[in-house]
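Just run_16.txt here, compact mmCIF, C-alpha atoms:
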# COMPACT_ATOMS: atom_id res chain seq x y z
CA MET H 342 51.49 5.02 -3.44
CA SER H 343 50.31 3.11 -0.37
CA TYR H 344 49.10 -0.46 -0.63
CA LYS H 345 46.87 -2.25 1.85
CA LEU H 346 48.12 -5.76 2.52
CA HIS H 347 45.50 -8.46 2.04
CA ARG H 348 45.91 -11.84 3.72
CA GLY H 349 43.82 -14.87 2.98
CA SER H 350 41.51 -15.84 0.18
CA VAL H 351 40.73 -13.61 -2.79
CA LEU H 352 37.55 -15.57 -3.53
CA PRO H 353 34.27 -14.44 -1.91
CA HIS H 354 32.71 -16.58 0.80
CA VAL H 355 29.31 -17.71 -0.45
CA ALA H 356 27.06 -19.51 2.02
CA VAL H 357 25.66 -22.57 0.25
CA GLN H 358 23.92 -25.80 1.07
CA GLN H 359 24.95 -29.03 -0.65
CA THR H 360 22.10 -31.25 -1.83
CA ALA H 361 21.90 -34.39 -3.94
CA GLN H 362 20.63 -32.32 -6.90
CA GLY H 363 23.29 -29.63 -6.70
CA THR H 364 24.36 -26.65 -4.62
CA LEU H 365 21.64 -24.50 -3.13
CA VAL H 366 22.24 -20.74 -2.92
CA HIS H 367 19.79 -18.54 -1.03
CA ALA H 368 18.76 -15.04 -2.09
CA LEU H 369 20.61 -12.22 -0.34
CA ARG H 370 18.53 -10.90 2.56
CA PRO H 371 18.60 -7.32 3.92
CA THR H 372 21.66 -7.17 6.16
CA SER H 373 21.86 -5.76 9.69
CA SER H 374 23.98 -2.86 8.38
CA GLU H 375 21.12 -1.90 6.02
CA VAL H 376 18.70 -1.88 8.98
CA THR H 377 21.18 0.20 11.03
CA GLU H 378 21.51 2.65 8.12
CA LEU H 379 17.73 2.91 7.95
CA VAL H 380 17.45 3.63 11.69
CA LEU H 381 20.21 6.26 11.48
CA TYR H 382 18.38 7.94 8.58
CA ALA H 383 15.17 7.97 10.66
CA ILE H 384 17.03 9.59 13.58
CA ALA H 385 18.62 12.14 11.23
CA PHE H 386 15.18 12.98 9.82
CA LEU H 387 13.74 13.54 13.32
CA MET H 388 16.67 15.84 14.15
CA PHE H 389 16.23 17.83 10.93
CA LEU H 390 12.47 17.98 11.54
CA GLY H 391 13.05 19.32 15.06
CA ALA H 392 15.38 21.99 13.66
CA ALA H 393 12.86 22.88 10.92
CA LEU H 394 10.08 23.38 13.50
CA ALA H 395 12.18 25.78 15.55
CA THR H 396 10.95 29.36 15.16
CA LYS H 397 14.42 30.85 15.50
CA GLY H 398 15.69 32.87 12.49
CA GLY H 399 13.97 34.47 9.53
CA ILE H 400 11.73 32.92 6.88
CA ALA H 401 14.72 32.13 4.64
CA ALA H 402 16.44 30.20 7.45
CA GLN H 403 13.23 28.28 8.26
CA LEU H 404 12.69 27.48 4.57
CA PHE H 405 16.29 26.24 4.30
CA ARG H 406 15.83 23.98 7.36
CA ALA H 407 12.52 22.66 6.00
CA LEU H 408 14.19 21.84 2.66
CA ASN H 409 16.96 19.98 4.52
CA ALA H 410 14.38 17.96 6.47
CA GLY H 411 12.49 17.22 3.24
CA GLY H 412 15.69 15.96 1.57
CA VAL H 413 16.47 13.61 4.46
CA LEU H 414 12.84 12.42 4.48
CA LEU H 415 13.01 11.57 0.77
CA GLY H 416 16.24 9.62 1.34
CA PHE H 417 14.71 7.77 4.26
CA LEU H 418 11.51 6.92 2.33
CA GLY H 419 13.55 5.65 -0.63
CA MET H 420 15.60 3.35 1.63
CA LEU H 421 12.51 2.22 3.54
CA SER H 422 10.61 1.33 0.36
CA HIS H 423 13.63 -0.64 -0.96
CA TYR H 424 13.93 -2.48 2.37
CA LEU H 425 10.19 -3.29 2.51
CA ARG H 426 10.19 -4.52 -1.10
CA ARG H 427 13.08 -6.87 -0.36
CA ARG H 428 11.28 -8.10 2.77
CA ARG H 429 8.32 -9.23 0.63
CA LEU H 430 10.35 -12.12 -0.75
CA PHE H 431 9.30 -15.18 1.24
CA LYS H 432 11.70 -17.66 -0.30
CA GLY H 433 14.26 -17.39 -3.07
CA THR H 434 16.62 -20.27 -3.90
CA LEU H 435 18.92 -21.15 -6.74
CA LEU H 436 20.13 -24.68 -7.42
CA VAL H 437 23.50 -24.44 -9.19
CA ARG H 438 25.25 -27.25 -11.09
CA PRO H 439 28.25 -27.52 -11.07
CA TRP H 440 29.62 -25.68 -8.05
CA PRO H 441 31.96 -23.86 -8.04
CA ILE H 442 31.51 -22.56 -11.58
CA ARG H 443 34.42 -22.79 -14.03
CA LEU H 444 35.29 -20.35 -16.79
CA GLY H 445 34.15 -21.65 -20.17
CA GLY H 446 31.97 -24.31 -18.54
CA ASP H 447 28.24 -24.93 -18.86
CA VAL H 448 26.11 -24.01 -15.87
CA THR H 449 22.57 -25.04 -15.02
CA LEU H 450 20.55 -22.84 -12.68
CA LYS H 451 17.19 -23.86 -11.22
CA TYR H 452 15.42 -20.85 -9.78
CA ARG H 453 12.53 -20.99 -7.31
CA ALA H 454 10.91 -18.02 -5.58
CA MET H 455 7.77 -17.25 -3.64
CA LEU H 456 6.45 -14.01 -2.18
CA LYS H 457 4.92 -13.50 1.25
CA LYS H 458 1.22 -14.39 1.55
CA SER H 459 1.63 -16.28 -1.77
CA ALA H 460 1.11 -13.09 -3.76
CA PRO H 461 0.87 -13.84 -7.50
CA VAL H 462 3.92 -12.92 -9.58
CA SER H 463 3.00 -11.36 -12.91
CA SER H 464 6.49 -11.33 -14.43
CA LEU H 465 10.10 -12.27 -13.80
CA ALA H 466 13.24 -10.72 -15.25
CA ALA H 467 16.61 -12.44 -14.72
CA LYS H 468 20.11 -11.42 -15.63
CA LEU H 469 23.52 -13.00 -15.14
CA GLN H 470 26.10 -10.34 -14.41
CA CYS H 471 29.84 -10.10 -13.97
CA ALA H 472 30.46 -6.72 -12.37
CA GLU H 473 33.42 -4.78 -11.08
CA ASP H 474 33.06 -2.78 -7.85
CA VAL H 475 35.75 -0.45 -6.55
CA THR H 476 36.16 2.05 -3.74
CA ILE H 477 38.29 5.07 -4.59
CA GLY H 478 39.73 7.42 -1.96
CA ARG H 479 39.07 7.59 1.77
CA GLY H 480 36.97 9.54 4.26
CA LYS H 481 34.78 12.26 2.84
CA TYR H 482 36.49 11.90 -0.57
CA GLN H 483 35.54 8.23 -0.79
CA GLU H 484 33.70 7.21 -3.93
CA ASN H 485 32.26 3.87 -5.04
CA LYS H 486 32.17 2.88 -8.70
CA SER H 487 30.59 -0.12 -10.39
CA GLY H 488 30.55 -1.35 -13.92
CA ALA H 489 29.34 -4.47 -15.73
CA LEU H 490 31.92 -6.52 -17.63
CA PHE H 491 29.31 -8.96 -18.88
CA GLU H 492 25.53 -9.26 -18.81
CA LEU H 493 23.32 -12.04 -20.08
CA ASP H 494 19.53 -11.70 -20.09
CA LEU H 495 17.90 -15.03 -19.26
CA GLN H 496 14.60 -16.07 -20.81
CA CYS H 497 11.62 -16.27 -18.44
CA SER H 498 8.06 -17.46 -19.06
CA LYS H 499 5.40 -14.74 -18.95
CA HIS H 500 2.39 -16.33 -17.24
CA GLU H 501 1.18 -15.32 -13.77
CA ARG H 502 2.00 -17.77 -10.94
CA ARG H 503 2.36 -18.00 -7.18
CA VAL H 504 5.51 -20.14 -7.14
CA VAL H 505 8.03 -19.05 -9.76
CA GLU H 506 10.25 -21.81 -11.16
CA GLU H 507 12.70 -21.39 -14.02
CA GLU H 508 15.64 -23.35 -15.36
CA TRP H 509 18.47 -21.89 -17.42
CA THR H 510 21.58 -23.46 -18.96
CA PHE H 511 24.33 -21.31 -20.43
CA ALA H 512 28.11 -21.18 -20.83
CA ILE H 513 30.39 -18.84 -18.91
CA PRO H 514 32.68 -17.02 -21.37
CA PRO H 515 36.28 -18.23 -20.80
CA THR H 516 37.80 -14.79 -21.39
CA LEU H 517 36.17 -13.18 -18.36
CA PRO H 518 37.83 -12.92 -14.93
CA PRO H 519 36.78 -15.25 -12.08
CA SER H 520 35.31 -14.03 -8.78
CA PHE H 521 37.69 -11.75 -6.89
CA GLU H 522 37.02 -9.98 -3.62
CA VAL H 523 39.56 -7.97 -1.64
CA PRO H 524 39.07 -4.65 0.18
CA CYS H 525 38.10 -1.84 -2.24
CA ASN H 526 38.32 -4.09 -5.34
CA ALA H 527 35.94 -6.82 -6.43
CA VAL H 528 34.78 -8.78 -9.45
CA ARG H 529 31.40 -10.24 -8.57
CA TRP H 530 29.39 -12.84 -10.46
CA ARG H 531 25.71 -12.70 -9.57
CA LEU H 532 22.27 -13.56 -10.77
CA THR H 533 19.90 -10.63 -10.35
CA THR H 534 16.18 -11.25 -10.61
CA VAL H 535 13.17 -8.96 -10.33
CA LEU H 536 9.74 -10.38 -9.49
CA THR H 537 6.80 -8.11 -10.30
CA THR H 538 3.61 -8.32 -8.26
CA SER H 539 0.76 -5.77 -8.47
CA GLY H 540 3.10 -3.31 -10.19
CA VAL H 541 5.76 -3.56 -7.46
CA ASP H 542 9.25 -4.83 -8.34
CA ILE H 543 10.85 -7.16 -5.77
CA PRO H 544 14.55 -7.87 -6.23
CA ALA H 545 16.17 -11.22 -5.37
CA ASP H 546 19.91 -11.44 -5.96
CA PHE H 547 22.27 -14.42 -5.70
CA THR H 548 26.07 -14.44 -5.48
CA LEU H 549 27.83 -17.04 -7.64
CA LEU H 550 31.36 -18.36 -7.25
CA VAL H 551 33.48 -18.57 -10.41
CA ILE H 552 36.96 -20.01 -9.80
CA PRO H 553 40.13 -19.47 -11.89
CA GLU H 554 39.84 -22.77 -13.72
CA VAL H 555 38.99 -23.24 -17.39
CA ALA H 556 36.63 -26.13 -18.17
CA GLU H 557 37.92 -28.15 -21.16
CA MET C 110 72.96 -4.84 -8.64
CA ILE C 111 70.05 -7.26 -8.96
CA SER C 112 68.94 -9.08 -12.06
CA ILE C 113 65.88 -11.36 -12.31
CA ARG C 114 65.33 -14.05 -14.91
CA ILE C 115 61.94 -15.76 -14.90
CA ASP C 116 61.91 -19.11 -16.76
CA ASP C 117 58.36 -18.74 -18.08
CA ASP C 118 56.59 -15.41 -17.79
CA THR C 119 53.14 -17.06 -18.01
CA VAL C 120 52.20 -19.58 -15.33
CA THR C 121 48.84 -20.88 -14.19
CA ALA C 122 47.22 -20.68 -10.76
CA GLY C 123 48.48 -23.62 -8.69
CA GLU C 124 51.79 -23.81 -10.60
CA PHE C 125 55.26 -22.66 -9.59
CA VAL C 126 56.95 -19.57 -10.95
CA THR C 127 60.63 -20.42 -11.31
CA GLY C 128 63.79 -18.59 -12.29
CA ARG C 129 67.11 -17.24 -11.10
CA ILE C 130 68.26 -14.13 -9.33
CA PHE C 131 71.73 -12.68 -9.85
CA TRP C 132 73.09 -10.29 -7.29
CA SER C 133 76.42 -8.51 -6.91
CA ALA C 134 77.48 -6.22 -4.08
CA GLU C 135 78.09 -2.52 -4.67
CA GLY C 136 81.00 -1.41 -2.49
CA ASP C 137 81.76 -3.34 0.69
CA ARG C 138 78.21 -3.57 2.00
CA ARG C 139 77.28 -7.14 2.80
CA PRO C 140 73.56 -7.99 2.73
CA ARG C 141 71.94 -9.73 5.63
CA ARG C 142 69.54 -11.57 3.35
CA ILE C 143 67.88 -11.49 -0.06
CA ILE C 144 64.11 -12.00 -0.14
CA ALA C 145 62.27 -13.09 -3.29
CA SER C 146 58.48 -12.98 -3.26
CA ALA C 147 55.66 -13.55 -5.74
CA VAL C 148 53.28 -10.66 -5.10
CA TRP C 149 49.96 -9.66 -6.67
CA GLU C 150 48.78 -6.06 -6.73
CA THR C 151 45.62 -4.35 -7.86
CA ALA C 152 46.30 -1.81 -10.59
CA GLY C 153 42.87 -0.46 -11.43
CA GLN C 154 40.96 2.60 -10.22
CA GLY C 155 40.22 1.31 -6.71
CA ASN C 156 42.39 1.83 -3.63
CA LYS C 157 45.52 -0.26 -4.02
CA VAL C 158 45.71 -3.69 -2.38
CA ARG C 159 48.47 -6.28 -2.51
CA GLY C 160 48.97 -9.83 -1.35
CA VAL C 161 51.94 -12.14 -1.15
CA GLY C 162 51.64 -15.53 -2.82
CA ARG C 163 54.85 -17.11 -1.50
CA ALA C 164 58.26 -15.81 -0.50
CA MET C 165 61.71 -17.29 0.14
CA GLU C 166 64.95 -15.92 1.49
CA TYR C 167 68.61 -16.49 0.76
CA GLU C 168 71.71 -15.55 2.75
CA PRO C 169 74.63 -14.70 0.46
CA ARG C 170 78.19 -15.33 1.70
CA GLU C 171 80.14 -13.87 -1.22
CA ALA C 172 80.15 -10.48 -2.97
CA GLU C 173 78.19 -12.09 -5.81
CA ALA C 174 75.46 -14.65 -5.69
CA THR C 175 73.12 -16.50 -7.99
CA PHE C 176 70.22 -18.45 -6.65
CA SER C 177 67.14 -20.16 -8.00
CA PHE C 178 63.63 -19.51 -6.83
CA ARG C 179 60.51 -21.68 -7.05
CA LEU C 180 57.40 -20.05 -5.66
CA LEU C 181 53.89 -21.50 -5.67
CA ILE C 182 51.07 -19.39 -7.05
CA PRO C 183 47.90 -20.08 -5.00
CA HIS C 184 45.26 -22.29 -6.65
CA GLU C 185 42.61 -19.64 -6.11
CA GLY C 186 44.72 -16.96 -7.79
CA PRO C 187 44.07 -14.16 -8.38
CA ILE C 188 44.83 -14.45 -12.08
CA THR C 189 46.23 -11.56 -14.10
CA PHE C 190 43.47 -9.53 -15.69
CA LYS C 191 42.62 -6.01 -16.74
CA GLY C 192 39.03 -4.82 -16.50
CA GLU C 193 37.50 -1.36 -16.77
CA LEU C 194 37.85 -0.65 -13.02
CA VAL C 195 39.80 -3.57 -11.55
CA ALA C 196 43.16 -4.90 -12.71
CA VAL C 197 45.51 -7.43 -11.13
CA VAL C 198 49.23 -7.79 -11.87
CA TRP C 199 51.72 -10.33 -10.51
CA LYS C 200 55.34 -9.38 -9.82
CA LEU C 201 58.43 -11.20 -8.69
CA LYS C 202 59.93 -8.81 -6.16
CA VAL C 203 63.44 -9.01 -4.80
CA ARG C 204 64.65 -7.11 -1.76
CA VAL C 205 68.25 -7.06 -0.64
CA GLU C 206 68.42 -6.23 3.06
CA GLN C 207 71.74 -4.59 3.82
CA PRO C 208 73.23 -1.84 5.99
CA GLY C 209 72.00 1.55 4.80
CA PHE C 210 69.47 1.57 1.99
CA ASP C 211 67.99 -1.74 0.85
CA GLU C 212 68.04 -2.62 -2.85
CA PHE C 213 64.87 -3.56 -4.75
CA GLU C 214 64.10 -5.06 -8.11
CA GLU C 215 60.93 -6.49 -9.65
CA SER C 216 59.77 -8.22 -12.78
CA GLU C 217 56.20 -8.82 -13.97
CA PHE C 218 54.80 -12.16 -15.01
CA ARG C 219 51.31 -13.38 -15.90
CA VAL C 220 49.11 -15.84 -14.04
CA GLY C 221 46.38 -17.54 -16.07
CA ALA C 222 43.47 -19.78 -15.11
CA ARG C 223 44.37 -23.45 -14.75
CA SER C 224 42.72 -26.11 -16.85
CA THR C 225 40.50 -28.92 -15.60
CA LEU C 226 42.55 -31.34 -17.73
CA GLY C 227 45.85 -30.18 -16.31
CA ARG C 228 46.94 -28.74 -19.67
CA ARG C 229 48.04 -25.17 -20.02
CA PRO C 230 44.87 -23.19 -20.79
CA ARG C 231 44.38 -20.23 -23.09
CA ARG C 232 45.79 -16.91 -21.91
CA SER C 233 43.90 -15.03 -19.26
CA PRO C 234 41.92 -11.90 -20.22
CA GLY C 235 43.52 -8.48 -20.42

Rewrite the structure of this file - the entire thing - as structure tokens.
Amino acid sequence: MSYKLHRGSVLPHVAVQQTAQGTLVHALRPTSSEVTELVLYAIAFLMFLGAALATKGGIAAQLFRALNAGGVLLGFLGMLSHYLRRRRLFKGTLLVRPWPIRLGGDVTLKYRAMLKKSAPVSSLAAKLQCAEDVTIGRGKYQENKSGALFELDLQCSKHERRVVEEEWTFAIPPTLPPSFEVPCNAVRWRLTTVLTTSGVDIPADFTLLVIPEVAE
Amino acid sequence: MISIRIDDDTVTAGEFVTGRIFWSAEGDRRPRRIIASAVWETAGQGNKVRGVGRAMEYEPREAEATFSFRLLIPHEGPITFKGELVAVVWKLKVRVEQPGFDEFEESEFRVGARSTLGRRPRRSPG
């Protein structure tokens, strides 16, 4: 069995901003790799479309090529819609106290979010999650698996508003593992929220840092 | 022959794992050095990854040797745990570098989360 050697920290790097009230964590934005993936999908669709429009071959071959192009188009549209929904978040911040978070300790989160053009938010759903993510195998046999070790639904008020503000206080169970992030293996603590506006769900996720220390 | 004795098989992150290693030569091969290292490894479904906490080496002069080790476990861990997909185990690994084949031995121990009060906390999950 081959092992990959990991050097350095096993805790994730979370970009935060220290303030007098606590530690400010910003919502995860679409990354450049997501945009690259989107562009590659668009190029792949154009290539498949070009092949589908070619008159070479019989009806069965043309139908097969058209189905291929349709499949790539569906994939591209799915990714594009997810990207555009995430782009609609104007501002999403989370004030965390204390930071870093300790196992068994109480945590207070102050959430604040606003959509672009101040679109009204009809509902908010929030969940604290401790999830495992692994990569199994390599190359074309590579597979990613995820599973939740712990989930906690957080109460949110129901009324419509333009600026969403919520505050939650809860305890982190002491029996759960802390944050852990090495290649192909991770335990991630995160707050996942979904803002609903005009029937469209807009995700805003935050990474939290839980260290291997038990609060007494 | 290598034998490992760990003083306490449960330590906390930021503490030292201590113990003794006994070694005796087989035949007339003389080792160049004996390396003891505290190593963590993933043992879940994901591709395997390992990291070395601390390591130390010893140069034996006789055909038998006993030496103590004291290796720091990093404050940030990882701690020992067993999830559905991810698991982490800590091992004390000993390697005897000698002419021909090297000799290896290992022994598992647990690393738990440290306490904010400095007391030994409850056992880690898994």

Practice task
For a cut-off of 10 Å around (32.7, -24.1, -21.2), file coordinates, pick out all residues using all atoms listed in the file and list them as number ranges by chain.
Solution key: H: 442-448, 511-515, 555-557

Handout entry: Long-range neighbours of Leu194 of chain C as an MDAnalysis selection string, 10 Å cut-off, all atoms listed in the file, 6 positions minimum in chain
Key = (chainID H and resid 472:476 486:490 526:528) or (chainID C and resid 152:155)

List every residue of chain C that has an atom at most 8 Å from any atom of chain H, giving for each one its closest atom pair and the distance in Å to one decimal, counting all atoms listed in the file, sorted by chain and then by ascending residue number, as a tab-separated table.
residue	atom	partner	partner_atom	distance
C:Ala122	CA	H:Pro553	CA	7.3
C:Thr151	CA	H:Asn526	CA	7.7
C:Gln154	CA	H:Ile477	CA	6.7
C:Gly155	CA	H:Ile477	CA	4.7
C:Asn156	CA	H:Ile477	CA	5.3
C:Lys157	CA	H:Tyr344	CA	4.9
C:Val158	CA	H:Lys345	CA	4.6
C:Arg159	CA	H:Leu346	CA	5.1
C:Gly160	CA	H:His347	CA	5.0
C:Val161	CA	H:Arg348	CA	7.8
C:His184	CA	H:Pro553	CA	7.9
C:Glu185	CA	H:Pro553	CA	6.3
C:Gly186	CA	H:Pro553	CA	6.6
C:Pro187	CA	H:Val351	CA	6.5
C:Ile188	CA	H:Pro553	CA	6.9
C:Phe190	CA	H:Pro518	CA	6.6
C:Gly192	CA	H:Leu490	CA	7.4
C:Glu193	CA	H:Gly488	CA	7.5
C:Leu194	CA	H:Glu473	CA	6.4
C:Val195	CA	H:Asn526	CA	6.4
C:Gly221	CA	H:Pro553	CA	7.8
C:Ala222	CA	H:Pro553	CA	4.6
C:Arg223	CA	H:Glu554	CA	4.7
C:Ser224	CA	H:Val555	CA	4.7
C:Thr225	CA	H:Ala556	CA	5.4
C:Leu226	CA	H:Glu557	CA	6.6
C:Pro230	CA	H:Val555	CA	6.8
C:Ser233	CA	H:Thr516	CA	6.5
C:Pro234	CA	H:Thr516	CA	5.2

Output C-alpha atoms for every residue in that selection, as a PDB file, in the frame of the given file.
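Saved the output as part-v1.pdb:
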ATOM      1  CA  ALA C 122      47.220 -20.680 -10.760  1.00  0.00           C
ATOM      2  CA  THR C 151      45.620  -4.350  -7.860  1.00  0.00           C
ATOM      3  CA  GLN C 154      40.960   2.600 -10.220  1.00  0.00           C
ATOM      4  CA  GLY C 155      40.220   1.310  -6.710  1.00  0.00           C
ATOM      5  CA  ASN C 156      42.390   1.830  -3.630  1.00  0.00           C
ATOM      6  CA  LYS C 157      45.520  -0.260  -4.020  1.00  0.00           C
ATOM      7  CA  VAL C 158      45.710  -3.690  -2.380  1.00  0.00           C
ATOM      8  CA  ARG C 159      48.470  -6.280  -2.510  1.00  0.00           C
ATOM      9  CA  GLY C 160      48.970  -9.830  -1.350  1.00  0.00           C
ATOM     10  CA  VAL C 161      51.940 -12.140  -1.150  1.00  0.00           C
ATOM     11  CA  HIS C 184      45.260 -22.290  -6.650  1.00  0.00           C
ATOM     12  CA  GLU C 185      42.610 -19.640  -6.110  1.00  0.00           C
ATOM     13  CA  GLY C 186      44.720 -16.960  -7.790  1.00  0.00           C
ATOM     14  CA  PRO C 187      44.070 -14.160  -8.380  1.00  0.00           C
ATOM     15  CA  ILE C 188      44.830 -14.450 -12.080  1.00  0.00           C
ATOM     16  CA  PHE C 190      43.470  -9.530 -15.690  1.00  0.00           C
ATOM     17  CA  GLY C 192      39.030  -4.820 -16.500  1.00  0.00           C
ATOM     18  CA  GLU C 193      37.500  -1.360 -16.770  1.00  0.00           C
ATOM     19  CA  LEU C 194      37.850  -0.650 -13.020  1.00  0.00           C
ATOM     20  CA  VAL C 195      39.800  -3.570 -11.550  1.00  0.00           C
ATOM     21  CA  GLY C 221      46.380 -17.540 -16.070  1.00  0.00           C
ATOM     22  CA  ALA C 222      43.470 -19.780 -15.110  1.00  0.00           C
ATOM     23  CA  ARG C 223      44.370 -23.450 -14.750  1.00  0.00           C
ATOM     24  CA  SER C 224      42.720 -26.110 -16.850  1.00  0.00           C
ATOM     25  CA  THR C 225      40.500 -28.920 -15.600  1.00  0.00           C
ATOM     26  CA  LEU C 226      42.550 -31.340 -17.730  1.00  0.00           C
ATOM     27  CA  PRO C 230      44.870 -23.190 -20.790  1.00  0.00           C
ATOM     28  CA  SER C 233      43.900 -15.030 -19.260  1.00  0.00           C
ATOM     29  CA  PRO C 234      41.920 -11.900 -20.220  1.00  0.00           C
TER      30      PRO C 234
END

Handout entry: Shell of 12 Å around Arg428 of chain H, all atoms listed in the file, local chain residues under 5 positions omitted, as a list in words
Key =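 Counting only the stated atoms, we get Ala368, Leu369, Arg370, Pro371, Thr372, Val376, Leu421, Ser422, His423, Gly433, Met455, Leu456, Lys457, Lys458, Asp542, Ile543, Pro544 and Ala545 of chain H.
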
Practice task
State, in Å with one decimal place, the distance from atom CA of Ser539 of chain H to atom CA of Leu415 of chain H.
Solution key: 23.2 Å

Problem - Residue among C:Ser177, C:Glu168, C:Ser146, C:Arg139 lying closest to Thr127 of chain C, counting all atoms listed in the file - result: C:Ser177

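One distance worth recording is that between atom CA of Leu469 of chain H and atom CA of Thr548 of chain H, which is 10.1 Å.
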
Problem - Point-to-point distance from atom CA of Val380 of chain H to atom CA of His354 of chain H, Å rounded to tenths - result: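 A separation of 27.6 Å between them.
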
Practice task
Would you list the contacts of Val205 of chain C as a ChimeraX atom specification, taking every protein, DNA or RNA residue within 6 Å and counting all atoms listed in the file, but skipping same-chain residues closer than 4 positions in sequence?
Solution key: /C:143,211-212

Keeping C-alpha atoms, export the residues of the selection given above as a PDB file, in the frame of the given file.
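Final output, out08.pdb:
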ATOM      1  CA  ILE C 143      67.880 -11.490  -0.060  1.00  0.00           C
ATOM      2  CA  ASP C 211      67.990  -1.740   0.850  1.00  0.00           C
ATOM      3  CA  GLU C 212      68.040  -2.620  -2.850  1.00  0.00           C
TER       4      GLU C 212
END

Practice task
Check the smallest atom-to-atom distance from each of H:Lys481, H:Lys432, H:Ser464, H:Thr534 to Leu493 of chain H using all atoms listed in the file, then report the winner.
Solution key: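 The shortest atom-to-atom distance to Leu493 of chain H comes from H:Thr534.
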
Practice task
For segment 494-496 of chain H, list every protein, DNA or RNA residue within 9 Å, evaluated using all atoms listed in the file, and leave out those in the same chain fewer than 2 positions away; present the list as a ChimeraX atom specification.
Solution key: /H:466-470,492,498,507,509
